[in-house]
file upload-v2.pdb (PDB, C-alpha atoms)
ATOM      1  CA  MET O   1     -15.284 138.133-118.010
ATOM      2  CA  SER O   2     -16.667 141.317-116.467
ATOM      3  CA  GLU O   3     -20.055 140.360-117.763
ATOM      4  CA  ALA O   4     -19.825 137.050-115.966
ATOM      5  CA  VAL O   5     -18.772 138.763-112.734
ATOM      6  CA  SER O   6     -21.643 141.215-112.841
ATOM      7  CA  GLU O   7     -24.022 138.376-113.526
ATOM      8  CA  LEU O   8     -22.626 136.521-110.533
ATOM      9  CA  LYS O   9     -23.241 139.601-108.397
ATOM     10  CA  VAL O  10     -26.852 139.750-109.546
ATOM     11  CA  THR O  11     -27.232 136.065-108.757
ATOM     12  CA  ASN O  12     -25.807 136.499-105.262
ATOM     13  CA  LYS O  13     -28.106 139.440-104.643
ATOM     14  CA  LEU O  14     -31.106 137.360-105.701
ATOM     15  CA  ILE O  15     -30.082 134.490-103.433
ATOM     16  CA  ALA O  16     -29.564 136.867-100.480
ATOM     17  CA  LYS O  17     -32.988 138.449-101.047
ATOM     18  CA  TYR O  18     -34.607 135.029-101.374
ATOM     19  CA  ASP O  19     -32.961 133.842 -98.134
ATOM     20  CA  LYS O  20     -34.127 136.931 -96.263
ATOM     21  CA  ASP O  21     -37.729 136.541 -97.442
ATOM     22  CA  THR O  22     -37.708 132.840 -96.577
ATOM     23  CA  LYS O  23     -36.469 133.684 -93.070
ATOM     24  CA  THR O  24     -39.160 136.339 -92.618
ATOM     25  CA  ILE O  25     -41.883 133.913 -93.625
ATOM     26  CA  PHE O  26     -40.410 131.228 -91.347
ATOM     27  CA  GLY O  27     -40.429 133.755 -88.472
ATOM     28  CA  PHE O  28     -44.091 134.445 -89.172
ATOM     29  CA  TRP O  29     -44.761 130.708 -89.099
ATOM     30  CA  VAL O  30     -43.136 130.503 -85.650
ATOM     31  CA  TYR O  31     -45.459 133.303 -84.478
ATOM     32  CA  LEU O  32     -48.476 131.330 -85.767
ATOM     33  CA  MET O  33     -47.326 128.255 -83.879
ATOM     34  CA  THR O  34     -47.014 130.241 -80.630
ATOM     35  CA  ASP O  35     -50.508 131.603 -81.286
ATOM     36  CA  CYS O  36     -51.617 127.958 -81.173
ATOM     37  CA  VAL O  37     -50.533 127.884 -77.515
ATOM     38  CA  LEU O  38     -52.928 130.764 -76.779
ATOM     39  CA  PHE O  39     -55.772 128.859 -78.442
ATOM     40  CA  ALA O  40     -54.744 125.620 -76.716
ATOM     41  CA  SER O  41     -55.055 127.322 -73.307
ATOM     42  CA  LEU O  42     -58.530 128.585 -74.185
ATOM     43  CA  PHE O  43     -59.529 125.129 -75.491
ATOM     44  CA  ALA O  44     -58.310 123.586 -72.231
ATOM     45  CA  VAL O  45     -60.364 126.082 -70.188
ATOM     46  CA  PHE O  46     -63.424 125.368 -72.332
ATOM     47  CA  ALA O  47     -62.959 121.595 -71.976
ATOM     48  CA  VAL O  48     -62.783 121.922 -68.192
ATOM     49  CA  LEU O  49     -65.710 124.352 -67.799
ATOM     50  CA  ARG O  50     -68.069 123.059 -70.493
ATOM     51  CA  HIS O  51     -70.499 121.382 -68.072
ATOM     52  CA  ASN O  52     -70.476 124.172 -65.473
ATOM     53  CA  THR O  53     -73.709 125.748 -66.657
ATOM     54  CA  TYR O  54     -74.873 126.977 -63.217
ATOM     55  CA  GLY O  55     -78.531 126.569 -64.122
ATOM     56  CA  GLY O  56     -78.015 128.406 -67.427
ATOM     57  CA  PRO O  57     -78.350 126.937 -70.910
ATOM     58  CA  THR O  58     -76.332 123.887 -71.943
ATOM     59  CA  ALA O  59     -74.499 123.675 -75.267
ATOM     60  CA  GLN O  60     -77.254 121.358 -76.526
ATOM     61  CA  GLY O  61     -79.954 123.920 -75.795
ATOM     62  CA  LEU O  62     -77.989 126.914 -77.078
ATOM     63  CA  PHE O  63     -76.341 126.032 -80.373
ATOM     64  CA  ASN O  64     -78.035 125.848 -83.753
ATOM     65  CA  LEU O  65     -75.891 123.551 -85.889
ATOM     66  CA  ASN O  66     -77.350 124.696 -89.232
ATOM     67  CA  TYR O  67     -76.393 128.278 -88.455
ATOM     68  CA  VAL O  68     -72.850 127.255 -87.450
ATOM     69  CA  MET O  69     -72.577 125.213 -90.644
ATOM     70  CA  ILE O  70     -73.219 128.337 -92.757
ATOM     71  CA  GLU O  71     -70.492 130.188 -90.807
ATOM     72  CA  THR O  72     -68.111 127.266 -91.349
ATOM     73  CA  MET O  73     -68.791 127.169 -95.091
ATOM     74  CA  ALA O  74     -68.143 130.923 -95.393
ATOM     75  CA  LEU O  75     -64.788 130.604 -93.610
ATOM     76  CA  LEU O  76     -63.695 127.436 -95.427
ATOM     77  CA  THR O  77     -64.490 128.940 -98.831
ATOM     78  CA  SER O  78     -62.659 132.137 -97.874
ATOM     79  CA  SER O  79     -59.601 130.033 -96.996
ATOM     80  CA  PHE O  80     -59.741 128.544-100.504
ATOM     81  CA  THR O  81     -60.132 131.931-102.199
ATOM     82  CA  ALA O  82     -57.201 133.314-100.149
ATOM     83  CA  GLY O  83     -55.124 130.549-101.733
ATOM     84  CA  LEU O  84     -56.381 131.590-105.183
ATOM     85  CA  ALA O  85     -55.384 135.190-104.390
ATOM     86  CA  LEU O  86     -51.845 134.046-103.558
ATOM     87  CA  LEU O  87     -51.684 132.030-106.802
ATOM     88  CA  SER O  88     -52.777 135.073-108.847
ATOM     89  CA  ALA O  89     -50.229 137.237-107.020
ATOM     90  CA  GLN O  90     -47.431 134.766-107.811
ATOM     91  CA  ARG O  91     -48.440 134.950-111.471
ATOM     92  CA  LYS O  92     -48.321 138.780-111.243
ATOM     93  CA  ARG O  93     -51.984 139.239-112.148
ATOM     94  CA  VAL O  94     -52.998 142.341-110.228
ATOM     95  CA  LYS O  95     -56.707 142.326-111.143
ATOM     96  CA  HIS O  96     -57.138 138.618-110.325
ATOM     97  CA  THR O  97     -55.362 139.075-106.997
ATOM     98  CA  LEU O  98     -57.566 142.004-106.024
ATOM     99  CA  PHE O  99     -60.684 140.107-107.122
ATOM    100  CA  TRP O 100     -59.863 137.015-105.038
ATOM    101  CA  PHE O 101     -58.891 139.093-102.018
ATOM    102  CA  GLY O 102     -62.196 140.931-102.438
ATOM    103  CA  VAL O 103     -64.069 137.600-102.409
ATOM    104  CA  THR O 104     -62.053 136.435 -99.385
ATOM    105  CA  PHE O 105     -62.778 139.697 -97.564
ATOM    106  CA  THR O 106     -66.511 139.465 -98.275
ATOM    107  CA  LEU O 107     -66.708 135.864 -97.074
ATOM    108  CA  GLY O 108     -64.617 136.668 -93.977
ATOM    109  CA  LEU O 109     -66.845 139.646 -93.186
ATOM    110  CA  THR O 110     -69.932 137.438 -93.643
ATOM    111  CA  PHE O 111     -68.461 134.986 -91.159
ATOM    112  CA  LEU O 112     -67.712 137.733 -88.639
ATOM    113  CA  ILE O 113     -71.173 139.319 -88.962
ATOM    114  CA  LEU O 114     -72.862 135.909 -88.529
ATOM    115  CA  GLU O 115     -70.751 135.232 -85.444
ATOM    116  CA  LEU O 116     -71.371 138.643 -83.888
ATOM    117  CA  SER O 117     -75.132 138.467 -84.516
ATOM    118  CA  GLU O 118     -75.156 135.048 -82.823
ATOM    119  CA  PHE O 119     -73.254 136.560 -79.882
ATOM    120  CA  SER O 120     -75.691 139.456 -79.600
ATOM    121  CA  ARG O 121     -78.644 137.047 -79.780
ATOM    122  CA  PHE O 122     -77.185 135.066 -76.860
ATOM    123  CA  VAL O 123     -76.558 138.230 -74.860
ATOM    124  CA  ALA O 124     -80.061 139.562 -75.615
ATOM    125  CA  GLN O 125     -81.700 136.396 -74.247
ATOM    126  CA  GLY O 126     -79.653 136.718 -71.053
ATOM    127  CA  ASP O 127     -76.977 134.152 -71.911
ATOM    128  CA  SER O 128     -73.943 136.417 -71.872
ATOM    129  CA  TRP O 129     -70.457 135.540 -70.588
ATOM    130  CA  ARG O 130     -71.640 136.464 -67.098
ATOM    131  CA  ARG O 131     -74.225 133.669 -67.020
ATOM    132  CA  SER O 132     -71.996 130.640 -66.323
ATOM    133  CA  GLY O 133     -68.496 129.211 -66.509
ATOM    134  CA  PHE O 134     -69.465 127.409 -69.713
ATOM    135  CA  LEU O 135     -70.556 130.659 -71.377
ATOM    136  CA  SER O 136     -67.495 132.591 -70.123
ATOM    137  CA  SER O 137     -65.137 130.054 -71.673
ATOM    138  CA  TYR O 138     -67.269 129.830 -74.843
ATOM    139  CA  PHE O 139     -67.249 133.591 -75.440
ATOM    140  CA  THR O 140     -63.520 133.851 -74.700
ATOM    141  CA  LEU O 141     -62.522 131.017 -77.035
ATOM    142  CA  VAL O 142     -64.796 131.862 -79.969
ATOM    143  CA  GLY O 143     -64.363 135.609 -79.376
ATOM    144  CA  THR O 144     -60.557 135.346 -79.540
ATOM    145  CA  HIS O 145     -60.875 133.561 -82.873
ATOM    146  CA  GLY O 146     -63.294 136.275 -84.040
ATOM    147  CA  LEU O 147     -60.805 138.962 -82.995
ATOM    148  CA  HIS O 148     -58.125 137.267 -85.098
ATOM    149  CA  ILE O 149     -60.557 137.255 -88.031
ATOM    150  CA  ALA O 150     -61.239 140.978 -87.550
ATOM    151  CA  ILE O 151     -57.484 141.712 -87.546
ATOM    152  CA  GLY O 152     -57.058 139.535 -90.640
ATOM    153  CA  LEU O 153     -59.815 141.488 -92.428
ATOM    154  CA  LEU O 154     -58.136 144.798 -91.556
ATOM    155  CA  TRP O 155     -54.808 143.425 -92.796
ATOM    156  CA  MET O 156     -56.510 142.322 -96.030
ATOM    157  CA  LEU O 157     -57.896 145.831 -96.648
ATOM    158  CA  ILE O 158     -54.433 147.335 -96.135
ATOM    159  CA  MET O 159     -52.934 144.667 -98.405
ATOM    160  CA  MET O 160     -55.397 145.492-101.191
ATOM    161  CA  ALA O 161     -54.501 149.187-100.874
ATOM    162  CA  PHE O 162     -50.791 148.258-101.105
ATOM    163  CA  ILE O 163     -51.395 146.183-104.241
ATOM    164  CA  LEU O 164     -53.336 149.043-105.841
ATOM    165  CA  LYS O 165     -50.626 151.565-105.007
ATOM    166  CA  ARG O 166     -47.395 149.594-105.482
ATOM    167  CA  GLY O 167     -48.351 146.629-107.638
ATOM    168  CA  LEU O 168     -47.064 143.108-107.078
ATOM    169  CA  ASN O 169     -43.384 143.612-106.276
ATOM    170  CA  ASP O 170     -41.290 141.233-104.162
ATOM    171  CA  THR O 171     -42.146 142.951-100.878
ATOM    172  CA  THR O 172     -45.890 142.912-101.560
ATOM    173  CA  LEU O 173     -45.666 139.261-102.580
ATOM    174  CA  LYS O 174     -43.873 138.356 -99.356
ATOM    175  CA  ARG O 175     -46.607 140.060 -97.323
ATOM    176  CA  ILE O 176     -49.335 138.370 -99.341
ATOM    177  CA  ARG O 177     -47.742 135.015 -98.569
ATOM    178  CA  MET O 178     -47.816 135.806 -94.836
ATOM    179  CA  LEU O 179     -51.411 137.049 -95.010
ATOM    180  CA  SER O 180     -52.546 133.870 -96.757
ATOM    181  CA  LEU O 181     -50.720 131.779 -94.128
ATOM    182  CA  PHE O 182     -52.521 133.746 -91.387
ATOM    183  CA  TRP O 183     -55.901 133.248 -93.031
ATOM    184  CA  HIS O 184     -55.428 129.487 -93.599
ATOM    185  CA  PHE O 185     -54.251 129.200 -89.989
ATOM    186  CA  LEU O 186     -57.496 130.762 -88.727
ATOM    187  CA  ASP O 187     -59.481 128.220 -90.720
ATOM    188  CA  VAL O 188     -57.421 125.410 -89.172
ATOM    189  CA  VAL O 189     -58.266 126.733 -85.676
ATOM    190  CA  TRP O 190     -61.937 126.856 -86.687
ATOM    191  CA  ILE O 191     -61.913 123.093 -87.509
ATOM    192  CA  PHE O 192     -61.334 122.466 -83.815
ATOM    193  CA  ILE O 193     -63.836 125.084 -82.613
ATOM    194  CA  PHE O 194     -66.431 123.572 -84.971
ATOM    195  CA  THR O 195     -65.763 120.034 -83.734
ATOM    196  CA  ILE O 196     -65.084 120.547 -80.026
ATOM    197  CA  VAL O 197     -67.384 123.463 -79.203
ATOM    198  CA  TYR O 198     -70.295 122.965 -81.581
ATOM    199  CA  LEU O 199     -70.451 119.302 -82.695
ATOM    200  CA  PHE O 200     -69.451 117.876 -79.294
ATOM    201  CA  GLY O 201     -71.668 120.513 -77.666
ATOM    202  CA  VAL O 202     -74.750 119.473 -79.640
ATOM    203  CA  LEU O 203     -74.001 115.816 -78.871
ATOM    204  CA  GLY O 204     -73.752 116.678 -75.184
ATOM    205  CA  VAL O 205     -70.237 115.270 -74.788
TER     206      VAL O 205
ATOM    207  CA  MET Q   1     -16.646 129.884-116.863
ATOM    208  CA  LYS Q   2     -19.060 132.257-118.479
ATOM    209  CA  SER Q   3     -21.525 129.598-119.539
ATOM    210  CA  GLN Q   4     -21.377 127.992-116.115
ATOM    211  CA  THR Q   5     -22.292 131.240-114.376
ATOM    212  CA  ARG Q   6     -25.122 131.723-116.800
ATOM    213  CA  THR Q   7     -26.559 128.344-115.894
ATOM    214  CA  VAL Q   8     -26.429 129.137-112.172
ATOM    215  CA  ALA Q   9     -28.072 132.503-112.744
ATOM    216  CA  ALA Q  10     -30.743 130.900-114.901
ATOM    217  CA  ASP Q  11     -31.426 128.256-112.260
ATOM    218  CA  VAL Q  12     -31.797 130.849-109.546
ATOM    219  CA  MET Q  13     -34.090 132.957-111.707
ATOM    220  CA  VAL Q  14     -36.266 129.955-112.460
ATOM    221  CA  SER Q  15     -36.449 128.853-108.820
ATOM    222  CA  LEU Q  16     -37.245 132.389-107.685
ATOM    223  CA  HIS Q  17     -40.017 132.961-110.148
ATOM    224  CA  GLN Q  18     -41.661 129.597-109.907
ATOM    225  CA  PRO Q  19     -44.413 129.305-107.333
ATOM    226  CA  GLU Q  20     -42.481 126.762-105.304
ATOM    227  CA  GLU Q  21     -45.276 125.535-103.070
ATOM    228  CA  ALA Q  22     -48.725 126.700-104.030
ATOM    229  CA  THR Q  23     -50.508 125.238-107.028
ATOM    230  CA  LEU Q  24     -54.160 125.353-108.066
ATOM    231  CA  LYS Q  25     -54.363 121.556-107.896
ATOM    232  CA  LYS Q  26     -53.311 121.537-104.247
ATOM    233  CA  TYR Q  27     -55.855 124.172-103.248
ATOM    234  CA  VAL Q  28     -58.642 122.302-105.069
ATOM    235  CA  ILE Q  29     -57.685 119.016-103.363
ATOM    236  CA  GLY Q  30     -57.513 120.737 -99.948
ATOM    237  CA  PHE Q  31     -60.840 122.522-100.430
ATOM    238  CA  THR Q  32     -62.737 119.503-101.759
ATOM    239  CA  GLY Q  33     -61.362 117.244 -99.025
ATOM    240  CA  SER Q  34     -62.234 119.781 -96.309
ATOM    241  CA  LEU Q  35     -65.766 120.164 -97.704
ATOM    242  CA  VAL Q  36     -66.325 116.390 -97.662
ATOM    243  CA  LEU Q  37     -64.939 116.031 -94.110
ATOM    244  CA  THR Q  38     -66.924 119.014 -92.765
ATOM    245  CA  PHE Q  39     -70.198 117.860 -94.331
ATOM    246  CA  GLY Q  40     -69.530 114.315 -93.132
ATOM    247  CA  ALA Q  41     -69.110 115.496 -89.549
ATOM    248  CA  TYR Q  42     -72.187 117.757 -89.775
ATOM    249  CA  LEU Q  43     -74.495 115.126 -91.295
ATOM    250  CA  LEU Q  44     -73.358 112.440 -88.843
ATOM    251  CA  THR Q  45     -74.025 114.740 -85.892
ATOM    252  CA  GLN Q  46     -77.374 115.989 -87.177
ATOM    253  CA  TYR Q  47     -78.825 112.787 -88.643
ATOM    254  CA  GLY Q  48     -76.521 109.959 -87.587
ATOM    255  CA  ALA Q  49     -77.632 107.250 -85.182
ATOM    256  CA  LEU Q  50     -74.310 106.204 -83.702
ATOM    257  CA  SER Q  51     -73.715 105.854 -79.975
ATOM    258  CA  LYS Q  52     -71.975 108.720 -78.214
ATOM    259  CA  PRO Q  53     -68.531 107.116 -77.644
ATOM    260  CA  VAL Q  54     -68.362 106.042 -81.311
ATOM    261  CA  MET Q  55     -69.407 109.525 -82.446
ATOM    262  CA  ILE Q  56     -66.624 111.126 -80.365
ATOM    263  CA  ILE Q  57     -64.001 108.923 -82.010
ATOM    264  CA  VAL Q  58     -65.433 109.405 -85.529
ATOM    265  CA  LEU Q  59     -65.644 113.215 -85.154
ATOM    266  CA  ALA Q  60     -62.120 113.372 -83.708
ATOM    267  CA  ILE Q  61     -60.782 111.367 -86.660
ATOM    268  CA  LEU Q  62     -62.637 113.606 -89.149
ATOM    269  CA  ALA Q  63     -61.276 116.780 -87.479
ATOM    270  CA  LEU Q  64     -57.701 115.472 -87.322
ATOM    271  CA  SER Q  65     -57.832 114.354 -90.978
ATOM    272  CA  GLN Q  66     -59.001 117.820 -91.990
ATOM    273  CA  PHE Q  67     -56.235 119.353 -89.841
ATOM    274  CA  VAL Q  68     -53.540 117.295 -91.591
ATOM    275  CA  LEU Q  69     -55.145 117.888 -95.016
ATOM    276  CA  GLN Q  70     -55.135 121.669 -94.563
ATOM    277  CA  LEU Q  71     -51.594 121.642 -93.133
ATOM    278  CA  ILE Q  72     -50.334 119.911 -96.268
ATOM    279  CA  TYR Q  73     -52.489 121.447 -98.998
ATOM    280  CA  PHE Q  74     -53.202 124.966 -97.636
ATOM    281  CA  LEU Q  75     -50.229 125.666 -95.356
ATOM    282  CA  HIS Q  76     -47.661 123.638 -97.367
ATOM    283  CA  VAL Q  77     -46.053 121.994 -94.345
ATOM    284  CA  GLY Q  78     -43.432 119.375 -95.217
ATOM    285  CA  LYS Q  79     -42.738 120.736 -98.722
ATOM    286  CA  GLU Q  80     -39.527 122.607 -97.877
ATOM    287  CA  PHE Q  81     -35.872 121.748 -98.368
ATOM    288  CA  SER Q  82     -33.798 120.256 -95.564
ATOM    289  CA  PRO Q  83     -33.358 121.321 -92.744
ATOM    290  CA  ARG Q  84     -37.105 121.085 -92.314
ATOM    291  CA  LEU Q  85     -37.455 123.734 -89.623
ATOM    292  CA  LYS Q  86     -41.081 124.537 -90.457
ATOM    293  CA  LEU Q  87     -42.088 120.901 -90.042
ATOM    294  CA  LEU Q  88     -40.072 120.655 -86.823
ATOM    295  CA  VAL Q  89     -41.725 123.748 -85.304
ATOM    296  CA  THR Q  90     -45.153 122.414 -86.312
ATOM    297  CA  ILE Q  91     -44.558 119.027 -84.692
ATOM    298  CA  PHE Q  92     -43.299 120.770 -81.545
ATOM    299  CA  MET Q  93     -46.486 122.888 -81.505
ATOM    300  CA  VAL Q  94     -48.648 119.756 -81.700
ATOM    301  CA  LEU Q  95     -46.709 118.281 -78.764
ATOM    302  CA  ILE Q  96     -47.088 121.442 -76.625
ATOM    303  CA  VAL Q  97     -50.810 121.722 -77.423
ATOM    304  CA  PHE Q  98     -51.337 118.064 -76.553
ATOM    305  CA  ILE Q  99     -49.525 118.399 -73.198
ATOM    306  CA  LEU Q 100     -51.388 121.619 -72.367
ATOM    307  CA  VAL Q 101     -54.892 120.414 -73.231
ATOM    308  CA  ALA Q 102     -54.650 116.761 -72.186
ATOM    309  CA  GLY Q 103     -52.757 117.709 -69.012
ATOM    310  CA  SER Q 104     -55.334 120.331 -67.985
ATOM    311  CA  ILE Q 105     -58.244 117.967 -68.556
ATOM    312  CA  TRP Q 106     -56.484 115.168 -66.664
ATOM    313  CA  ILE Q 107     -55.604 117.315 -63.640
ATOM    314  CA  MET Q 108     -58.983 119.059 -63.409
ATOM    315  CA  ASP Q 109     -60.872 115.791 -63.793
ATOM    316  CA  ASN Q 110     -58.773 114.277 -61.029
ATOM    317  CA  LEU Q 111     -59.529 117.263 -58.783
ATOM    318  CA  LYS Q 112     -63.243 116.948 -59.539
ATOM    319  CA  GLY Q 113     -63.129 113.330 -58.379
ATOM    320  CA  ARG Q 114     -61.664 114.436 -55.057
ATOM    321  CA  MET Q 115     -64.231 117.163 -54.441
ATOM    322  CA  MET Q 116     -66.794 116.758 -51.706
ATOM    323  CA  SER Q 117     -70.398 116.467 -52.865
ATOM    324  CA  GLN Q 118     -72.541 119.539 -52.269
ATOM    325  CA  SER Q 119     -74.724 117.933 -49.558
ATOM    326  CA  ASN Q 120     -71.639 116.745 -47.670
ATOM    327  CA  MET Q 121     -70.103 120.187 -47.986
ATOM    328  CA  VAL Q 122     -73.204 121.827 -46.448
ATOM    329  CA  LYS Q 123     -73.165 119.260 -43.632
ATOM    330  CA  TYR Q 124     -69.461 119.896 -43.032
ATOM    331  CA  MET Q 125     -69.882 123.664 -43.012
ATOM    332  CA  ASN Q 126     -72.797 123.440 -40.559
ATOM    333  CA  SER Q 127     -70.851 121.177 -38.214
ATOM    334  CA  GLN Q 128     -67.896 123.587 -38.324
ATOM    335  CA  ASN Q 129     -70.214 126.482 -37.513
ATOM    336  CA  GLY Q 130     -69.216 128.346 -40.704
ATOM    337  CA  LEU Q 131     -65.507 127.592 -40.192
TER     338      LEU Q 131
END

call {"tool": "encode", "arguments": {"input": "upload-v2.pdb", "output": "structure tokens"}}
result
Amino acid sequence: MSEAVSELKVTNKLIAKYDKDTKTIFGFWVYLMTDCVLFASLFAVFAVLRHNTYGGPTAQGLFNLNYVMIETMALLTSSFTAGLALLSAQRKRVKHTLFWFGVTFTLGLTFLILELSEFSRFVAQGDSWRRSGFLSSYFTLVGTHGLHIAIGLLWMLIMMAFILKRGLNDTTLKRIRMLSLFWHFLDVVWIFIFTIVYLFGVLGV
Amino acid sequence: MKSQTRTVAADVMVSLHQPEEATLKKYVIGFTGSLVLTFGAYLLTQYGALSKPVMIIVLAILALSQFVLQLIYFLHVGKEFSPRLKLLVTIFMVLIVFILVAGSIWIMDNLKGRMMSQSNMVKYMNSQNGL
């Protein structure tokens, strides 16, 4: 009998822990959804200001679609490898998890470097955010996404250090799940930047 | 009694240790689908010969399909037990984003239509002697 009772206690503890983790991850999801409102505001500003070039370059003259396509591929692949990292973590394979996070980090960093070098090229040719309303809204929207990517990369470095130090316990796993949600979310935002800013921009919509 | 408790404990252990949402198959489906949709949009824009209004609709459909695909296969929306709070919050987000973006574009476009043309504005300012 006492064995059964103690087992019941263990079960209840597990359920309580599971509930708490589920709530934490749900709370993080709610944060991501409110972050969408930030991006929606910036998308709205971009949509309104996109033709206000004030004699400066238009989207058609500025963007190189092949270059943006390479950026997009880097980010999309990194979203996939972040998923593989989560899968490895759930299977308690420390080396696999670190490897896939390493790949995700490298691809994310590639994306960020490509984006920043494009920004600096625009600024160097005189097309900075001060040039026109179109460029102000472009830099703010794409720059905010880039800032999220930079924070995600920092988080990923810290996460890898945690995994090295503490292994894949329940707490680490919970955080990995939130990190992978964050990273997939950033790729989802990029779908709309890619379509609305770059594809529509090149078409001259 | 004892055996019953054991079953419950075993069930909980199984459900806790099983990856309840993420599987390799899902990630592969999500990734492949996203690749196809992204390349489709890119190739159509770069080499396609469709008229502009058609292109806008096609690109919007491609982007929205990729959005839904990634929500399901990468972010695992709609795969939870009832009450489906995650799904509810997501749908609410889509509604808010739609109101915010569509509303802004609508209002600002309407304002633009009411604006005086630049030549008329100069004429008006001259006649008013700079206010």

call {"tool": "interface_residues", "arguments": {"input": "upload-v2.pdb", "of": "chain Q", "to": "chain O", "cutoff": "7 Å", "atoms": "all atoms listed in the file", "output": "number ranges by chain"}}
result
Q: 2, 5, 9, 12, 19, 22-23, 27, 31, 45, 59, 63, 67, 70, 74-75, 86, 89-90, 93, 97, 100-101, 104-105, 108

call {"tool": "residues_around", "arguments": {"input": "upload-v2.pdb", "residues": "region 144-154 of chain O", "least_positions_apart": "6", "cutoff": "7 Å", "atoms": "only C-alpha atoms", "output": "list of chain:residue names"}}
result
O:Phe105, O:Gly108, O:Leu112, O:Trp183

call {"tool": "atom_distance", "arguments": {"input": "upload-v2.pdb", "atom1": "CA of His51 (chain O)", "atom2": "CA of Ile61 (chain Q)"}}
result
23.2 Å

call {"tool": "residues_around", "arguments": {"input": "upload-v2.pdb", "residues": "Val58 (chain Q)", "least_positions_apart": "3", "cutoff": "12 Å", "atoms": "only C-alpha atoms", "output": "list in words"}}
result
Thr195, Leu199 and Phe200 of chain O; Leu37, Gly40, Ala41, Tyr42, Leu44, Thr45, Gly48, Leu50, Ser51, Lys52, Pro53, Val54, Met55, Ile61, Leu62, Ala63, Leu64 and Ser65 of chain Q

call {"tool": "residues_around", "arguments": {"input": "upload-v2.pdb", "residues": "Trp129 (chain O)", "least_positions_apart": "3", "cutoff": "12 Å", "atoms": "only C-alpha atoms", "output": "list in words"}}
result
Thr53, Gly56, Pro57, Phe119, Ser120, Phe122, Val123, Ala124, Gln125, Gly126, Ser132, Gly133, Phe134, Leu135, Ser136, Ser137, Tyr138, Phe139, Thr140, Leu141, Val142 and Gly143 of chain O

call {"tool": "atom_distance", "arguments": {"input": "upload-v2.pdb", "atom1": "CA of Thr24 (chain O)", "atom2": "CA of Lys174 (chain O)"}}
result
8.5 Å

call {"tool": "atom_distance", "arguments": {"input": "upload-v2.pdb", "atom1": "CA of Lys26 (chain Q)", "atom2": "CA of Leu69 (chain Q)"}}
result
10.1 Å

call {"tool": "axis_aligned_box", "arguments": {"input": "upload-v2.pdb", "around": "region 98-105 of chain Q", "padding_each_side": "5 Å", "output": "AutoDock Vina command-line options"}}
result
--center_x -53.9 --center_y 119.2 --center_z -72.3 --size_x 18.7 --size_y 14.9 --size_z 18.6

call {"tool": "closest_residue", "arguments": {"input": "upload-v2.pdb", "among": "O:Leu62, O:Leu114, O:Ala85, O:Val103", "to": "Ile176 (chain O)", "atoms": "all atoms listed in the file"}}
result
O:Ala85

call {"tool": "closest_residue", "arguments": {"input": "upload-v2.pdb", "among": "O:Ser128, O:Thr97, O:Ser78, O:Thr110", "to": "Ile163 (chain O)", "atoms": "all atoms listed in the file"}}
result
O:Thr97
